[in-house]
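*Asks:* After the structure tokens below, expect a handful of questions from me.
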Amino acid sequence: MAKPAVLVTGGLGYIGSHACVALAEAGYRPVIVDNLGNAKASVLERIRELTQSDISFHRADVRERQALGALLARERVQAVLHFAGWKAVGESVEKPVMYYENNVGGTIALLAAMAEHGVRRLVFSSSATVYGEPERLPLTEDHPLRPVNPYAKNKLVIEHILADCAVADAGFHYAALRYFNPIGAHPSARLGEDPRGVPNNLLPYVAQVAVGRRPSLRVWGRDYATPDGTGVRDYIHVMDLAQGHVAALAYLERRARSITANLGTGRGYSVLEVVSAFERASGKSIPLEFHPRRAGDVAQSYADASFAARELGWRARLGLEAMCRDAWRWQSGNPEGYPD
Ligand code: NAD
Ligand code: UD1
């Protein structure tokens with residue numbers, strides 16, 4: 001029997017590329033669409049190498065509705081994992097229209113193409129950023145939603161659009177997955193996170209210090225109400241996250257209903273704890289500089305991960321040690337990231 005085809009938008013990106021490998025291992029046939037706006041073409045070769053299969057790739061923009069529709073039909077797509085979008089918070093504040101256009105506009109074009117071609121299952125990359133400043137911890141899915149920047153508002157608007165689509169079409173089902181902080185890499189070190197320019201996020205920055213690309217880590221704030229004064233986050237291994245998508249697809253097939261769920265480990269670590277774990281994993285020392293708090297940061301954010309465990313039958317398995325080990329393997333094996 002032919003393997004069910006799953007369209008993966010943004011499939012050459014950090015999380016999408018790992019999800020393609022997990023999908024192939026679970027018996028699906030990933031079909032990738034990416035406009036290469038934030039990815040390199042060489043990622044495709046790595047995915048093909050790891051999956052030992054000629055994964056199909058289409059360089060296209062999800063906003064090209066007609067092209068997308070033709071692809072859904074030609075590839076007999078059964079379901080979609082939708083990763084494509086821009087994700088830099090600071091840039092979204094400077095260029096809100098560009099963010100709404102790509103993130104919200106891209107999702108609308110995709111949904112229209114799916115409706116036209118009878119594709120009625122979608123897994124969407126949402127984010128824990130939709131909660132805004134936590135009022136209580138751990139964050140449960142019913143926590144108030146008060147996003148504080150355009151990127152976060154994009155995610156919430158899309159969640160609302162998906163809910164409306166599910167009301168309008170009883171046969172349409174989606175999973176909105178609110179990721180916490182994905183880090184780490186494929187254990188083979190063939191796939192990993194390769195940000196352009198200066199990394200905004202903690203782990204890629206630490207990894208670049210360890211490999212000698214940057215002199216020291218700037219720690220944003222040591223006066224938070226946390227045990228060591230630095231920010232606490234729920235880091236999740238990207239391979240666990242990828243498995244969460246396979247579980248969500250299975251849920252949509254099995255239960256035929258929509259779901260919005262946190263994907264995190266339920267455990268928070270401070271910046272200093274992450275740095276120590278990375279030093280142990282890499283055998284390198286990470287020089288630190290302490291700076292004032294970064295605008296828009298919260299003291300602590302971590303998931304209540306029990307809903308996903310109960311409903312999706314999924315939970316994160318890999319701990320901080322494995323996350324740092326795999327991030328280091330990736331960074332040390334590919335010091336300049338993917339080849340051009
Ligand atoms: P990424 O930038 O590595 O991947 C996104 C991919 O989408 C890129 O390959 C890019 O080229 C592609 N893309 C962007 N716009 C497109 C368009 N219009 N048409 C086709 N392709 C397009 O980002 P990522 O870290 O893999 O994140 C994937 C998704 O998960 C994003 O939607 C992001 O907002 C969300 N998310 C990420 C994180 C995180 O920490 N990385 C956390 C929460 C949510
Ligand atoms: C950031 C985004 C969030 C987005 C997420 C995606 C902001 C304000 N928030 O989350 O919306 O969903 O990325 O992964 O941009 N840190 C340092 N030095 C650094 C980098 C980070 O000390 O060079 C600290 C931060 O202050 C924070 C922690 O490390 O306490 C994690 O930061 P980061 O990896 O950027 O993730 P978030 O801030 O959680």
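Letters A, B, ... mark the chains of the structure tokens in the order given; residue numbers begin at 1 per chain; ligand numbers begin at 1, in order shown.
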Counting only C-alpha atoms and all ligand atoms, give me one row per residue of chain A with an atom at most 7 Å from an atom of ligand 1, showing the shortest contact pair and its distance in Å to one decimal, sorted by chain then residue number, as a Markdown table.
*Replies:*
```
| residue | atom | partner | partner_atom_place_in_ligand_line | distance |
| --- | --- | --- | --- | --- |
| A:Thr9 | CA | ligand 1 | 21 (N) | 6.0 |
| A:Gly10 | CA | ligand 1 | 7 (O) | 3.3 |
| A:Gly11 | CA | ligand 1 | 9 (O) | 6.1 |
| A:Leu12 | CA | ligand 1 | 9 (O) | 4.5 |
| A:Gly13 | CA | ligand 1 | 9 (O) | 3.4 |
| A:Tyr14 | CA | ligand 1 | 26 (O) | 3.6 |
| A:Ile15 | CA | ligand 1 | 26 (O) | 3.7 |
| A:Gly16 | CA | ligand 1 | 26 (O) | 5.4 |
| A:Val33 | CA | ligand 1 | 20 (C) | 6.0 |
| A:Asp34 | CA | ligand 1 | 21 (N) | 3.6 |
| A:Asn35 | CA | ligand 1 | 20 (C) | 4.1 |
| A:Leu36 | CA | ligand 1 | 11 (O) | 3.9 |
| A:Gly37 | CA | ligand 1 | 11 (O) | 3.8 |
| A:Asn38 | CA | ligand 1 | 11 (O) | 3.7 |
| A:Ala39 | CA | ligand 1 | 9 (O) | 4.3 |
| A:Ala60 | CA | ligand 1 | 20 (C) | 5.8 |
| A:Asp61 | CA | ligand 1 | 19 (N) | 3.4 |
| A:Val62 | CA | ligand 1 | 19 (N) | 4.1 |
| A:Arg63 | CA | ligand 1 | 18 (N) | 5.7 |
| A:Phe83 | CA | ligand 1 | 29 (C) | 4.1 |
| A:Ala84 | CA | ligand 1 | 7 (O) | 3.4 |
| A:Gly85 | CA | ligand 1 | 14 (C) | 3.9 |
| A:Trp86 | CA | ligand 1 | 14 (C) | 5.4 |
| A:Lys87 | CA | ligand 1 | 34 (O) | 4.4 |
| A:Asn102 | CA | ligand 1 | 18 (N) | 5.3 |
| A:Gly106 | CA | ligand 1 | 18 (N) | 5.6 |
| A:Ser125 | CA | ligand 1 | 30 (O) | 4.6 |
| A:Ser126 | CA | ligand 1 | 44 (C) | 5.2 |
| A:Ser127 | CA | ligand 1 | 43 (C) | 4.1 |
| A:Ala128 | CA | ligand 1 | 43 (C) | 6.7 |
| A:Arg178 | CA | ligand 1 | 43 (C) | 6.7 |
| A:Tyr179 | CA | ligand 1 | 43 (C) | 4.8 |
| A:Phe180 | CA | ligand 1 | 42 (C) | 6.1 |
| A:Asn181 | CA | ligand 1 | 40 (O) | 5.2 |
| A:Pro182 | CA | ligand 1 | 40 (O) | 5.1 |
```
*Asks:* With only C-alpha atoms and all ligand atoms counted, collect every polymer residue having an atom within 8 Å of ligand 2; state the result as number ranges by chain.
*Replies:* A: 87-90, 127-129, 151-152, 179-182, 199-203, 205-206, 217-221, 230-233, 270-271, 293-301
*Asks:* Find the residues near region 244-248 of chain A: any atom within 9 Å, counting only C-alpha atoms, skip ones fewer than 6 places away on the same chain, and give them as a ChimeraX atom specification.
*Replies:* /A:19,22-23,26,81,123,174-175,177,259,263,308,312-316
*Asks:* Go ahead and dump the residues you just picked, N, CA and C atoms, as a short mmCIF file (atom, residue, chain, number, x, y, z; two decimals), in the first residue's frame.
*Replies:*
```cif
data_model
loop_
_atom_site.label_atom_id
_atom_site.label_comp_id
_atom_site.auth_asym_id
_atom_site.auth_seq_id
_atom_site.Cartn_x
_atom_site.Cartn_y
_atom_site.Cartn_z
N ALA A 19 11.10 17.00 11.73
CA ALA A 19 9.77 16.36 11.65
C ALA A 19 9.69 15.46 10.41
N ALA A 22 11.15 12.16 11.32
CA ALA A 22 10.24 11.41 12.20
C ALA A 22 9.04 10.88 11.41
N LEU A 23 8.53 11.68 10.49
CA LEU A 23 7.38 11.24 9.66
C LEU A 23 7.75 10.02 8.83
N ALA A 26 7.92 6.98 10.75
CA ALA A 26 6.60 6.50 11.18
C ALA A 26 5.77 5.96 10.00
N LEU A 81 1.47 19.32 7.77
CA LEU A 81 2.16 19.89 8.94
C LEU A 81 2.61 21.28 8.51
N VAL A 123 -1.77 20.11 11.15
CA VAL A 123 -1.05 20.30 12.42
C VAL A 123 -0.31 21.62 12.32
N TYR A 174 -7.92 19.97 13.29
CA TYR A 174 -6.55 20.49 13.40
C TYR A 174 -5.99 20.23 14.78
N ALA A 175 -4.66 20.25 14.84
CA ALA A 175 -3.96 20.24 16.13
C ALA A 175 -3.10 21.50 16.17
N LEU A 177 -0.26 23.10 18.15
CA LEU A 177 0.73 22.64 19.13
C LEU A 177 1.52 23.85 19.63
N ILE A 259 -7.59 19.67 18.49
CA ILE A 259 -6.96 19.75 19.81
C ILE A 259 -5.95 20.90 19.83
N LEU A 263 3.37 21.55 23.96
CA LEU A 263 4.43 20.55 23.82
C LEU A 263 5.66 21.08 24.57
N ALA A 308 -1.19 16.91 26.79
CA ALA A 308 -0.65 16.18 25.62
C ALA A 308 -0.39 14.72 25.97
N LEU A 312 -2.75 12.91 23.56
CA LEU A 312 -1.96 12.47 22.40
C LEU A 312 -1.19 11.19 22.69
N GLY A 313 -1.09 10.85 23.98
CA GLY A 313 -0.27 9.69 24.34
C GLY A 313 1.20 9.98 24.07
N TRP A 314 1.58 11.23 24.15
CA TRP A 314 2.96 11.65 23.86
C TRP A 314 3.55 12.37 25.06
N ARG A 315 4.79 12.07 25.36
CA ARG A 315 5.52 12.90 26.33
C ARG A 315 6.98 12.98 25.92
N ALA A 316 7.61 14.08 26.33
CA ALA A 316 9.03 14.26 26.00
C ALA A 316 9.84 13.23 26.78
#
```
*Asks:* Using only C-alpha atoms, which residue out of A:Leu122, A:Val43, A:Ala256, A:Ala70 lies closest to Gly192 (chain A)?
*Replies:*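 Ranked by minimum distance to Gly192 (chain A), first place goes to A:Val43.
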*Asks:* I need the residue nearest Val211 (chain A) from this list: A:Cys20, A:Arg317, A:Ser282, A:Lys40. Use only C-alpha atoms for the distance.
*Replies:*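 Among the listed residues, A:Ser282 lies closest to Val211 (chain A).
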*Asks:* Would you please give, as an MDAnalysis selection string, all residues of region 56-277 of chain A that DSSP assigns to helix (DSSP H, G or I) based on the backbone?
*Replies:* chainID A and resid 65:74 89:94 96:116 128:131 150:168 202:210 238:255 271:277
*Asks:* Separation of CA of Tyr338 (chain A) and CA of Ile47 (chain A), in Å?
*Replies:* 12.2 Å
*Asks:* Find the residues around Leu50 (chain A) up to 12 Å (only C-alpha atoms counted), leave out those fewer than 3 positions away in its own chain, and share them as a compact mmCIF listing (two decimals) with N, CA, C and O atoms, in the first residue's frame.
*Replies:*
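To be explicit, this is the file written out as selection34.txt:
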```
# COMPACT_ATOMS: atom_id res chain seq x y z
N SER A 17 12.54 20.10 9.36
CA SER A 17 13.47 19.09 8.83
C SER A 17 13.51 17.87 9.75
O SER A 17 13.50 16.72 9.28
N HIS A 18 13.52 18.11 11.05
CA HIS A 18 13.51 16.98 12.00
C HIS A 18 12.17 16.24 11.93
O HIS A 18 12.13 15.01 12.05
N ALA A 19 11.10 17.00 11.73
CA ALA A 19 9.77 16.36 11.65
C ALA A 19 9.69 15.46 10.41
O ALA A 19 9.06 14.40 10.46
N CYS A 20 10.35 15.86 9.31
CA CYS A 20 10.33 15.03 8.09
C CYS A 20 10.94 13.66 8.38
O CYS A 20 10.44 12.63 7.92
N VAL A 21 12.04 13.65 9.13
CA VAL A 21 12.70 12.39 9.45
C VAL A 21 11.77 11.52 10.33
O VAL A 21 11.59 10.32 10.08
N ALA A 22 11.15 12.16 11.32
CA ALA A 22 10.24 11.41 12.20
C ALA A 22 9.04 10.88 11.41
O ALA A 22 8.60 9.74 11.63
N LEU A 23 8.53 11.68 10.49
CA LEU A 23 7.38 11.24 9.66
C LEU A 23 7.75 10.02 8.83
O LEU A 23 7.00 9.04 8.78
N ALA A 24 8.92 10.09 8.18
CA ALA A 24 9.35 8.99 7.32
C ALA A 24 9.52 7.72 8.16
O ALA A 24 9.11 6.63 7.76
N GLU A 25 10.09 7.88 9.35
CA GLU A 25 10.28 6.71 10.23
C GLU A 25 8.94 6.12 10.65
O GLU A 25 8.83 4.93 10.90
N VAL A 43 19.88 21.32 3.13
CA VAL A 43 19.14 20.56 4.16
C VAL A 43 18.43 19.36 3.53
O VAL A 43 18.35 18.29 4.12
N LEU A 44 17.93 19.57 2.31
CA LEU A 44 17.19 18.50 1.63
C LEU A 44 18.04 17.25 1.47
O LEU A 44 17.56 16.13 1.71
N GLU A 45 19.31 17.43 1.08
CA GLU A 45 20.19 16.27 0.90
C GLU A 45 20.36 15.52 2.21
O GLU A 45 20.40 14.29 2.25
N ARG A 46 20.44 16.27 3.30
CA ARG A 46 20.60 15.64 4.62
C ARG A 46 19.35 14.84 5.00
O ARG A 46 19.44 13.75 5.55
N ILE A 47 18.19 15.40 4.70
CA ILE A 47 16.94 14.68 5.02
C ILE A 47 16.87 13.40 4.18
O ILE A 47 16.53 12.33 4.69
N SER A 53 15.55 8.03 1.34
CA SER A 53 14.50 8.04 0.33
C SER A 53 14.51 9.38 -0.40
O SER A 53 15.01 10.38 0.09
N ASP A 54 13.93 9.33 -1.59
CA ASP A 54 13.98 10.48 -2.49
C ASP A 54 12.82 11.44 -2.16
O ASP A 54 11.92 11.64 -2.96
N ILE A 55 12.87 12.02 -0.98
CA ILE A 55 11.80 12.90 -0.49
C ILE A 55 11.52 14.00 -1.52
O ILE A 55 12.44 14.62 -2.03
N HIS A 186 19.30 16.47 15.54
CA HIS A 186 19.23 15.04 15.27
C HIS A 186 20.49 14.38 15.83
O HIS A 186 21.59 14.93 15.66
N PRO A 187 20.38 13.21 16.47
CA PRO A 187 21.56 12.61 17.10
C PRO A 187 22.70 12.28 16.13
O PRO A 187 23.85 12.15 16.54
N SER A 188 22.38 12.18 14.84
CA SER A 188 23.43 11.92 13.83
C SER A 188 24.30 13.15 13.59
O SER A 188 25.32 13.05 12.91
N ALA A 189 23.86 14.32 14.06
CA ALA A 189 24.55 15.61 13.80
C ALA A 189 24.45 16.02 12.33
O ALA A 189 25.17 16.91 11.89
N ARG A 190 23.55 15.40 11.57
CA ARG A 190 23.38 15.80 10.17
C ARG A 190 22.33 16.91 10.04
O ARG A 190 22.30 17.62 9.03
N LEU A 191 21.44 17.03 11.02
CA LEU A 191 20.45 18.12 11.04
C LEU A 191 20.59 18.87 12.35
O LEU A 191 20.90 18.26 13.38
```
